[in-house]
$ cat work-v2.txt   # compact mmCIF, C-alpha atoms and all ligand atoms
# COMPACT_ATOMS: atom_id res chain seq x y z
CA MET A 28 -12.44 -8.68 -18.23
CA PHE A 29 -9.86 -6.53 -20.05
CA GLU A 30 -8.48 -6.62 -23.55
CA LYS A 31 -5.37 -8.80 -23.76
CA GLY A 32 -2.29 -6.61 -23.63
CA LEU A 33 -4.01 -3.70 -21.82
CA LEU A 34 -0.70 -2.94 -20.04
CA LYS A 35 1.69 -4.10 -22.77
CA GLY A 36 4.81 -1.93 -22.94
CA LYS A 37 4.32 -0.55 -19.42
CA ARG A 38 7.18 -0.85 -16.93
CA ILE A 39 5.69 -0.82 -13.44
CA LEU A 40 7.22 -0.60 -9.95
CA VAL A 41 5.01 -1.86 -7.09
CA THR A 42 6.39 -1.01 -3.66
CA GLY A 43 5.70 -3.78 -1.14
CA GLY A 44 4.96 -6.04 -4.11
CA GLY A 45 6.38 -9.15 -2.44
CA SER A 46 3.25 -9.85 -0.40
CA GLY A 47 -0.49 -9.32 -0.03
CA LEU A 48 -2.25 -6.81 -2.22
CA GLY A 49 0.97 -5.61 -3.88
CA ALA A 50 1.68 -9.13 -5.12
CA ALA A 51 -1.93 -9.55 -6.28
CA MET A 52 -1.82 -6.32 -8.27
CA GLY A 53 1.61 -7.13 -9.69
CA ARG A 54 0.42 -10.54 -10.85
CA ARG A 55 -2.53 -9.01 -12.72
CA PHE A 56 -0.29 -6.36 -14.33
CA VAL A 57 1.96 -9.13 -15.69
CA GLU A 58 -1.08 -11.06 -16.95
CA LEU A 59 -2.05 -7.91 -18.86
CA GLY A 60 1.37 -7.65 -20.50
CA ALA A 61 3.31 -5.30 -18.21
CA GLU A 62 6.94 -5.61 -17.14
CA LEU A 63 6.97 -5.69 -13.33
CA ILE A 64 9.45 -4.70 -10.65
CA ILE A 65 8.58 -5.37 -7.00
CA CYS A 66 10.46 -3.84 -4.09
CA GLY A 67 10.51 -4.30 -0.33
CA ARG A 68 12.89 -5.00 2.54
CA ARG A 69 12.79 -8.83 2.49
CA LEU A 70 14.80 -9.97 -0.54
CA GLU A 71 13.96 -13.66 -0.08
CA LEU A 72 10.21 -12.95 -0.08
CA LEU A 73 10.56 -10.78 -3.19
CA GLU A 74 12.55 -13.48 -5.01
CA GLN A 75 9.96 -16.14 -4.11
CA THR A 76 7.05 -14.00 -5.28
CA ALA A 77 8.81 -13.05 -8.52
CA ALA A 78 9.81 -16.67 -9.25
CA LEU A 79 6.20 -17.81 -8.77
CA MET A 80 4.90 -15.14 -11.13
CA ARG A 81 7.51 -15.97 -13.78
CA ALA A 82 6.73 -19.69 -13.49
CA ASP A 83 2.96 -19.14 -13.68
CA LEU A 84 2.79 -16.33 -16.22
CA GLY A 85 6.11 -16.29 -18.05
CA GLY A 86 6.46 -12.50 -18.02
CA LYS A 87 9.37 -10.26 -17.06
CA VAL A 88 9.42 -9.78 -13.29
CA SER A 89 12.39 -8.45 -11.33
CA VAL A 90 13.05 -7.44 -7.76
CA ALA A 91 14.76 -4.58 -5.94
CA ARG A 92 15.60 -4.70 -2.25
CA CYS A 93 14.82 -1.24 -0.89
CA ASP A 94 13.70 0.26 2.41
CA ILE A 95 11.55 3.15 1.20
CA ARG A 96 11.96 4.96 4.54
CA ASP A 97 15.45 5.84 3.31
CA GLY A 98 15.33 8.50 0.56
CA ALA A 99 18.92 7.83 -0.52
CA ALA A 100 18.12 4.12 -0.94
CA VAL A 101 15.05 5.03 -3.03
CA ASP A 102 17.25 7.17 -5.30
CA VAL A 103 19.76 4.32 -5.70
CA MET A 104 16.92 1.95 -6.66
CA MET A 105 15.42 4.43 -9.15
CA ASP A 106 18.84 5.12 -10.73
CA ALA A 107 19.34 1.37 -11.20
CA LEU A 108 15.86 0.96 -12.70
CA TRP A 109 16.26 3.95 -15.03
CA ARG A 110 19.65 2.65 -16.26
CA GLU A 111 17.70 -0.17 -17.89
CA ALA A 112 14.64 1.85 -19.00
CA PRO A 113 12.31 4.46 -17.53
CA LEU A 114 9.38 3.36 -15.42
CA ASP A 115 5.91 4.17 -16.73
CA VAL A 116 3.97 3.54 -13.54
CA LEU A 117 4.71 3.74 -9.81
CA VAL A 118 2.34 1.99 -7.39
CA ASN A 119 2.74 3.29 -3.82
CA ASN A 120 1.53 0.18 -2.00
CA ALA A 121 4.05 -0.41 0.82
CA ALA A 122 2.79 0.71 4.22
CA ALA A 123 2.70 -0.25 7.87
CA THR A 124 0.09 -0.13 10.60
CA PHE A 125 -0.87 -1.65 13.94
CA ILE A 126 -3.67 -1.07 16.44
CA ALA A 127 -2.78 0.81 19.61
CA GLN A 128 -4.30 3.27 22.05
CA THR A 129 -2.84 6.49 20.71
CA GLU A 130 -1.79 7.78 24.14
CA HIS A 131 0.44 4.71 24.50
CA LEU A 132 2.35 5.32 21.26
CA SER A 133 5.99 6.30 21.69
CA PHE A 134 7.43 8.75 19.16
CA ARG A 135 9.36 5.80 17.66
CA ALA A 136 6.12 3.83 17.29
CA ALA A 137 4.43 6.76 15.50
CA ASP A 138 7.44 7.07 13.21
CA ALA A 139 7.38 3.31 12.49
CA ILE A 140 4.05 3.92 10.72
CA LEU A 141 4.58 7.43 9.32
CA ALA A 142 8.02 6.68 7.85
CA PRO A 143 7.06 3.99 5.31
CA THR A 144 3.44 5.04 4.76
CA LEU A 145 3.92 8.79 4.31
CA HIS A 146 7.61 9.52 3.79
CA GLY A 147 8.19 6.34 1.76
CA ALA A 148 5.34 7.17 -0.63
CA MET A 149 6.59 10.75 -0.94
CA TYR A 150 10.21 9.69 -1.61
CA CYS A 151 9.17 7.18 -4.30
CA THR A 152 6.83 9.69 -5.95
CA LEU A 153 9.49 12.42 -5.93
CA ALA A 154 12.17 10.09 -7.27
CA ALA A 155 9.99 8.86 -10.14
CA GLY A 156 8.40 12.24 -10.85
CA LYS A 157 11.62 14.20 -11.17
CA ARG A 158 13.02 11.62 -13.58
CA TRP A 159 9.84 11.71 -15.68
CA ILE A 160 9.84 15.49 -15.78
CA GLU A 161 13.57 15.74 -16.65
CA THR A 162 13.04 13.50 -19.69
CA ALA A 163 9.47 14.61 -20.60
CA HIS A 164 8.35 11.00 -20.06
CA LYS A 165 4.69 10.36 -19.24
CA GLY A 166 3.94 8.61 -15.95
CA VAL A 167 1.22 7.42 -13.59
CA VAL A 168 1.37 7.27 -9.79
CA LEU A 169 -1.23 5.04 -8.15
CA SER A 170 -1.34 5.14 -4.33
CA ILE A 171 -3.11 2.48 -2.26
CA LEU A 172 -4.78 4.39 0.56
CA SER A 173 -7.66 3.56 2.90
CA THR A 174 -11.20 4.66 3.74
CA SER A 175 -9.65 6.18 6.88
CA THR A 176 -8.95 9.14 4.55
CA ILE A 177 -12.73 9.74 4.65
CA THR A 178 -13.78 8.58 8.11
CA GLY A 179 -10.61 8.91 10.15
CA ARG A 180 -9.92 5.77 12.22
CA ALA A 181 -9.54 5.39 15.96
CA PHE A 182 -6.64 3.26 17.22
CA THR A 183 -4.68 3.47 13.95
CA VAL A 184 -4.15 7.23 14.03
CA PRO A 185 -0.67 7.46 12.42
CA SER A 186 -1.87 5.28 9.53
CA ALA A 187 -5.00 7.41 9.04
CA MET A 188 -2.82 10.55 9.12
CA ALA A 189 -0.31 9.16 6.62
CA LYS A 190 -2.96 7.91 4.18
CA SER A 191 -4.75 11.29 4.30
CA ALA A 192 -1.47 13.04 3.57
CA VAL A 193 -0.85 10.83 0.56
CA LEU A 194 -4.37 11.64 -0.66
CA ALA A 195 -3.47 15.33 -0.39
CA MET A 196 -0.34 14.59 -2.44
CA THR A 197 -2.46 12.78 -5.06
CA LYS A 198 -4.84 15.72 -5.46
CA SER A 199 -2.11 18.38 -5.36
CA LEU A 200 0.17 16.70 -7.90
CA ALA A 201 -2.75 16.06 -10.25
CA VAL A 202 -2.78 19.81 -10.78
CA GLU A 203 0.96 20.47 -10.59
CA TRP A 204 2.19 17.49 -12.63
CA GLY A 205 -0.85 16.91 -14.89
CA PRO A 206 0.45 19.50 -17.38
CA LYS A 207 3.75 17.57 -17.42
CA GLY A 208 2.03 14.35 -18.50
CA ILE A 209 1.88 12.68 -15.08
CA ARG A 210 -1.42 11.39 -13.69
CA THR A 211 -1.86 10.74 -9.96
CA VAL A 212 -4.67 8.47 -8.79
CA ALA A 213 -5.55 6.44 -5.69
CA ILE A 214 -7.65 3.57 -4.42
CA ALA A 215 -9.19 3.36 -0.94
CA PRO A 216 -9.70 -0.34 -0.29
CA GLY A 217 -11.94 -1.59 2.50
CA ALA A 218 -11.12 -4.92 4.10
CA PHE A 219 -9.15 -7.22 1.81
CA PRO A 220 -7.74 -9.80 4.23
CA THR A 221 -3.99 -10.44 3.90
CA PRO A 222 -1.59 -12.00 6.43
CA GLY A 223 -0.01 -8.53 6.89
CA ALA A 224 -3.27 -6.70 7.61
CA SER A 225 -4.77 -9.46 9.76
CA GLY A 226 -1.54 -9.80 11.76
CA GLN A 227 -1.47 -6.09 12.58
CA LEU A 228 -5.18 -5.31 12.88
CA ARG A 229 -6.95 -8.52 13.91
CA PRO A 230 -5.32 -9.92 17.05
CA GLU A 231 -6.90 -12.99 18.59
CA GLY A 232 -10.09 -12.02 20.36
CA ARG A 233 -10.97 -9.06 18.15
CA ASP A 234 -14.52 -9.16 16.78
CA GLU A 235 -14.61 -10.75 13.32
CA GLY A 236 -16.77 -7.96 11.93
CA TRP A 237 -15.18 -7.21 8.54
CA ALA A 238 -17.63 -9.32 6.50
CA SER A 239 -20.73 -9.22 8.72
CA LYS A 240 -20.65 -5.41 9.04
CA ASN A 241 -20.19 -4.85 5.32
CA PRO A 242 -23.36 -3.87 3.42
CA LEU A 243 -22.53 -6.57 0.85
CA GLY A 244 -21.85 -9.14 3.59
CA ARG A 245 -18.33 -9.96 2.48
CA VAL A 246 -14.75 -8.74 2.34
CA GLY A 247 -13.01 -7.72 -0.88
CA GLU A 248 -11.38 -10.17 -3.26
CA HIS A 249 -7.79 -9.44 -4.25
CA GLY A 250 -8.73 -9.79 -7.93
CA GLU A 251 -11.25 -6.98 -7.57
CA LEU A 252 -8.54 -4.61 -6.35
CA ALA A 253 -6.12 -5.82 -9.03
CA ASP A 254 -8.70 -5.15 -11.75
CA LEU A 255 -9.42 -1.61 -10.56
CA ALA A 256 -5.70 -0.87 -10.25
CA SER A 257 -5.07 -2.20 -13.77
CA PHE A 258 -7.76 0.05 -15.20
CA LEU A 259 -6.58 3.15 -13.34
CA ILE A 260 -2.99 2.82 -14.49
CA SER A 261 -3.96 1.97 -18.07
CA ASP A 262 -4.30 4.45 -20.92
CA ARG A 263 -8.06 3.70 -20.84
CA ALA A 264 -8.19 5.78 -17.65
CA GLY A 265 -6.19 8.58 -19.26
CA TYR A 266 -8.68 11.28 -18.21
CA ILE A 267 -8.86 10.25 -14.53
CA ASN A 268 -6.53 12.47 -12.53
CA GLY A 269 -6.41 13.36 -8.81
CA GLU A 270 -9.21 10.94 -7.90
CA MET A 271 -9.41 8.32 -5.17
CA VAL A 272 -11.76 5.43 -5.97
CA VAL A 273 -13.30 3.71 -2.95
CA LEU A 274 -13.49 -0.09 -3.18
CA ASP A 275 -15.15 -1.28 0.01
CA GLY A 276 -18.66 -2.57 -0.73
CA GLY A 277 -20.07 0.58 0.85
CA SER A 278 -18.58 -0.23 4.25
CA HIS A 279 -17.31 3.25 5.17
CA LEU A 280 -20.84 4.61 4.77
CA ARG A 281 -21.75 2.50 7.78
CA SER A 282 -18.69 2.64 10.07
CA SER A 283 -14.97 3.42 10.11
CA GLY A 284 -14.27 -0.20 11.01
CA ALA A 285 -12.75 0.50 14.43
CA GLU A 286 -15.85 0.91 16.61
CA ASP A 287 -15.56 -2.55 18.18
CA LEU A 288 -12.26 -1.44 19.74
CA LEU A 289 -14.06 1.25 21.76
CA GLN A 290 -15.51 -1.62 23.84
CA TRP A 291 -12.07 -3.08 24.65
CA THR A 292 -11.15 -3.02 28.33
CA ASP A 293 -7.83 -1.75 29.68
CA ALA A 294 -6.97 -5.39 30.35
CA GLN A 295 -7.49 -6.25 26.67
CA TRP A 296 -5.27 -3.36 25.57
CA GLU A 297 -2.64 -4.36 28.11
CA LYS A 298 -2.72 -7.90 26.70
CA GLN A 299 -2.32 -6.49 23.19
CA ARG A 300 0.72 -4.40 24.22
CA ALA A 301 2.25 -7.37 26.02
CA ALA A 302 1.76 -9.61 23.00
CA ARG A 303 3.70 -7.09 20.92
CA SER A 304 6.53 -6.69 23.42
CA LYS A 305 7.02 -10.50 23.52
CA GLY A 306 7.52 -10.26 19.73
C1 LIG B 1 -10.93 -1.78 7.11
C2 LIG B 1 -9.52 -2.21 7.06
C3 LIG B 1 -8.59 -1.05 6.93
C4 LIG B 1 -7.11 -1.40 6.89
C5 LIG B 1 -6.28 -0.20 6.61
C6 LIG B 1 -4.82 -0.40 6.48
C7 LIG B 1 -4.23 -1.56 6.48
C8 LIG B 1 -2.79 -1.72 6.36
O1 LIG B 1 -1.99 -0.82 6.31
S1 LIG B 1 -2.36 -3.29 6.27
C9 LIG B 1 -0.59 -3.32 6.15
C10 LIG B 1 -0.06 -4.04 7.28
N1 LIG B 1 1.28 -4.41 7.01
C11 LIG B 1 2.29 -3.98 7.75
O2 LIG B 1 2.16 -3.27 8.73
C12 LIG B 1 3.62 -4.47 7.26
C13 LIG B 1 4.75 -3.66 7.74
N2 LIG B 1 4.90 -3.77 9.20
C14 LIG B 1 6.07 -3.61 9.83
O3 LIG B 1 7.09 -3.34 9.25
C15 LIG B 1 6.07 -3.78 11.34
O4 LIG B 1 5.00 -4.57 11.71
C16 LIG B 1 6.01 -2.44 12.11
C17 LIG B 1 4.80 -1.64 11.68
C18 LIG B 1 5.92 -2.70 13.59
C19 LIG B 1 7.24 -1.63 11.87
O5 LIG B 1 8.37 -2.38 12.15
P1 LIG B 1 9.73 -1.66 12.62
O6 LIG B 1 9.93 -0.36 11.95
O7 LIG B 1 10.78 -2.72 12.50
O8 LIG B 1 9.37 -1.34 14.08
P2 LIG B 1 9.98 -1.81 15.44
O9 LIG B 1 9.63 -3.23 15.72
O10 LIG B 1 11.44 -1.42 15.49
O11 LIG B 1 9.16 -0.87 16.44
C20 LIG B 1 9.28 0.55 16.36
C21 LIG B 1 8.45 1.15 17.48
O12 LIG B 1 7.08 0.81 17.29
C22 LIG B 1 6.56 0.14 18.45
N3 LIG B 1 5.59 -0.88 18.01
C23 LIG B 1 5.74 -1.79 17.05
N4 LIG B 1 4.64 -2.55 16.95
C24 LIG B 1 3.77 -2.11 17.88
C25 LIG B 1 2.44 -2.51 18.25
N5 LIG B 1 1.81 -3.52 17.66
N6 LIG B 1 1.85 -1.82 19.27
C26 LIG B 1 2.47 -0.78 19.87
N7 LIG B 1 3.74 -0.34 19.55
C27 LIG B 1 4.36 -1.02 18.58
C28 LIG B 1 7.78 -0.54 19.06
O13 LIG B 1 7.57 -0.84 20.41
C29 LIG B 1 8.84 0.56 18.84
O14 LIG B 1 8.68 1.60 19.75
P3 LIG B 1 9.64 1.74 21.06
O15 LIG B 1 9.29 0.55 21.92
O16 LIG B 1 9.27 3.03 21.66
O17 LIG B 1 11.05 1.69 20.57
N1 LIG B 2 -5.38 -5.53 3.39
C1 LIG B 2 -6.30 -4.59 3.64
O1 LIG B 2 -7.43 -4.89 4.10
C2 LIG B 2 -6.01 -3.18 3.36
C3 LIG B 2 -4.78 -2.76 2.91
N2 LIG B 2 -4.58 -1.45 2.59
C4 LIG B 2 -3.31 -1.02 2.05
O2 LIG B 2 -2.87 -1.94 1.07
C5 LIG B 2 -1.44 -1.96 1.04
C6 LIG B 2 -0.93 -3.37 1.12
O3 LIG B 2 -1.33 -3.95 2.37
P1 LIG B 2 -1.35 -5.54 2.60
O4 LIG B 2 -1.04 -6.24 1.34
O5 LIG B 2 -2.59 -5.85 3.32
O6 LIG B 2 -0.17 -5.73 3.67
P2 LIG B 2 1.31 -6.37 3.56
O7 LIG B 2 1.82 -6.32 4.95
O8 LIG B 2 1.29 -7.66 2.85
O9 LIG B 2 2.05 -5.32 2.64
C7 LIG B 2 2.93 -4.35 3.06
C8 LIG B 2 4.14 -4.45 2.15
O10 LIG B 2 4.92 -3.27 2.36
C9 LIG B 2 6.26 -3.64 2.42
N3 LIG B 2 6.97 -2.65 3.25
C10 LIG B 2 6.67 -2.31 4.54
N4 LIG B 2 7.56 -1.41 4.99
C11 LIG B 2 8.42 -1.18 3.96
C12 LIG B 2 9.56 -0.36 3.81
N5 LIG B 2 10.01 0.39 4.81
N6 LIG B 2 10.21 -0.37 2.62
C13 LIG B 2 9.76 -1.14 1.59
N7 LIG B 2 8.69 -1.94 1.68
C14 LIG B 2 8.03 -1.96 2.85
C15 LIG B 2 6.28 -5.01 3.04
O11 LIG B 2 7.43 -5.74 2.65
P3 LIG B 2 8.75 -5.87 3.60
O12 LIG B 2 8.25 -6.12 4.99
O13 LIG B 2 9.51 -6.98 2.99
O14 LIG B 2 9.45 -4.55 3.46
C16 LIG B 2 5.03 -5.63 2.46
O15 LIG B 2 5.33 -6.33 1.26
C17 LIG B 2 -0.99 -1.05 2.18
O16 LIG B 2 -0.76 0.26 1.69
C18 LIG B 2 -2.20 -1.02 3.09
O17 LIG B 2 -2.24 0.12 3.90
C19 LIG B 2 -5.54 -0.51 2.75
C20 LIG B 2 -6.76 -0.86 3.22
C21 LIG B 2 -7.10 -2.22 3.55
$ encode --input "work-v2.txt" --output "structure tokens"
Amino acid sequence: MFEKGLLKGKRILVTGGGSGLGAAMGRRFVELGAELIICGRRLELLEQTAALMRADLGGKVSVARCDIRDGAAVDVMMDALWREAPLDVLVNNAAATFIAQTEHLSFRAADAILAPTLHGAMYCTLAAGKRWIETAHKGVVLSILSTSTITGRAFTVPSAMAKSAVLAMTKSLAVEWGPKGIRTVAIAPGAFPTPGASGQLRPEGRDEGWASKNPLGRVGEHGELADLASFLISDRAGYINGEMVVLDGGSHLRSSGAEDLLQWTDAQWEKQRAARSKG
């Protein structure tokens, strides 16, 4: 689809790149010639993902263990990365979510979502941005958001709040950092099944509506997201700044994706909470 070497010479950090959509995007970036760094909390998972990419594609892929909820840890990671060479692209992909009746969320539960999804994205963006600005280095920040930024979404309220905040960051920094050579862009994916998303959002018994309720009758393919991400971070998209591109087959025009949960009984919600507390 793209010219060979579209991302050649680009050094890219994908947060949460050890699994799911982060790994799919990372893989495509390497195929297109980029040097990739993936970070997350589970070192073993990161090492496995990186080893697979190196074996399959032969590119340069390295890992950094980092909990992005911790700003000091993000700074340590960025210092280590910059000692080798500056990044060219940051992909804010790491996030957390789960379904819950909002009135049952403890403050800790709300923070479990807000901390990685909002604060983590902010810390990584700040850490990369200040280094780019100090050295007059060009950069791109791509944030993976959600159509909840447009529709809101019942039963995943902290996630919808955090994603909307990161969209506000994307638009605001486009203006503030654009003159400094930094582009900020975003993607709002619809349903792209991953073990992480299905585990948190699709407990047993929940209506399997992702494909049947989509105007195109299907969920997204990881390659489709990886292709859009590759374009947006490439120099070919050099005039796109402050925009969020929706990639959902038109699904959000029909529903936020949470309406089935309005039919859940108290007993179903109680079962859901109990399933969580049993681990
Ligand atoms: C159309 C489709 C749109 C899809 C849009 C978006 C999708 C996604 O974002 S998919 C990404 C999904 N991936 C993840 O969530 C991966 C990361 N997940 C995690 O790290 C965990 O699952 C986490 C979110 C639970 C956070 O873990 P951690 O910080 O270790 O949290 P604790 O286990 O210590 O719990 C803290 C706090 O939260 C309460 N809690 C946890 N899970 C639930 C739950 N399922 N329901 C209700 N409450 C939950 C937990 O009980 C703790 O609170 P207290 O009991 O008050 O201490
Ligand atoms: N799949 C989908 O249908 C949709 C996904 N999205 C978004 O796409 C992105 C990827 O989701 P998906 O691939 O499905 O889910 P995953 O659960 O596979 O991805 C989440 C990643 O984030 C990492 N992560 C979580 N918390 C932290 C933390 N504190 N510090 C560092 N890394 C962290 C996880 O690694 P570890 O646990 O090792 O830290 C994991 O690799 C998310 O932003 C999600 O909101 C948006 C809309 C739809």
$ closest_residue --input "work-v2.txt" --among "A:Glu203, A:Glu74, A:Glu111, A:Asp106" --to "Gly44 in chain A" --atoms "only C-alpha atoms"
A:Glu74
$ closest_residue --input "work-v2.txt" --among "A:Met271, A:Leu79, A:Ala99, A:Val202" --to "Ser46 in chain A" --atoms "all atoms listed in the file"
A:Leu79
$ closest_residue --input "work-v2.txt" --among "A:Ala238, A:Ala155, A:Ala142, A:Ala127" --to "Val103 in chain A" --atoms "all atoms listed in the file"
A:Ala155
$ residues_around --input "work-v2.txt" --residues "range 243-254 of chain A" --least-positions-apart "6" --cutoff "6 Å" --atoms "all atoms listed in the file" --output "list in words"
Met52, Ala218, Phe219 and Gly276 of chain A
$ residues_around --input "work-v2.txt" --residues "range 80-96 of chain A" --least-positions-apart "5" --cutoff "8 Å" --atoms "all atoms listed in the file" --output "number ranges by chain"
A: 54, 57-58, 60-70, 73-74, 101, 104, 142-143, 146-148, 150-151
$ residues_near_ligand --input "work-v2.txt" --ligand "ligand LIG 1 (chain B)" --cutoff "9 Å" --atoms "all atoms listed in the file" --output "ChimeraX atom specification"
/A:43,47,121-128,131-140,142-144,172-175,180,183,186-187,190,215-228,237,275,278-279,283-285,299-304,306
$ atom_distance --input "work-v2.txt" --atom1 "CA of Lys240 in chain A" --atom2 "CA of Leu288 in chain A"
14.2 Å
$ residues_around --input "work-v2.txt" --residues "Leu117 in chain A" --least-positions-apart "2" --cutoff "12 Å" --atoms "all atoms listed in the file" --output "PyMOL selection string"
chain A and resi 37-44+49+53+63-66+105+108+113-115+119-121+148-156+159+165-171+209-213+256+259-260
$ atom_distance --input "work-v2.txt" --atom1 "CA of Ser239 in chain A" --atom2 "atom C4 of ligand LIG 2 (chain B)"
20.4 Å
$ closest_residue --input "work-v2.txt" --among "A:Gly269, A:Thr176, A:Ala201, A:Phe182" --to "ligand LIG 2 (chain B)" --atoms "all atoms listed in the file"
A:Thr176
$ atom_distance --input "work-v2.txt" --atom1 "atom O3 of ligand LIG 2 (chain B)" --atom2 "CA of Arg229 in chain A"
13.6 Å
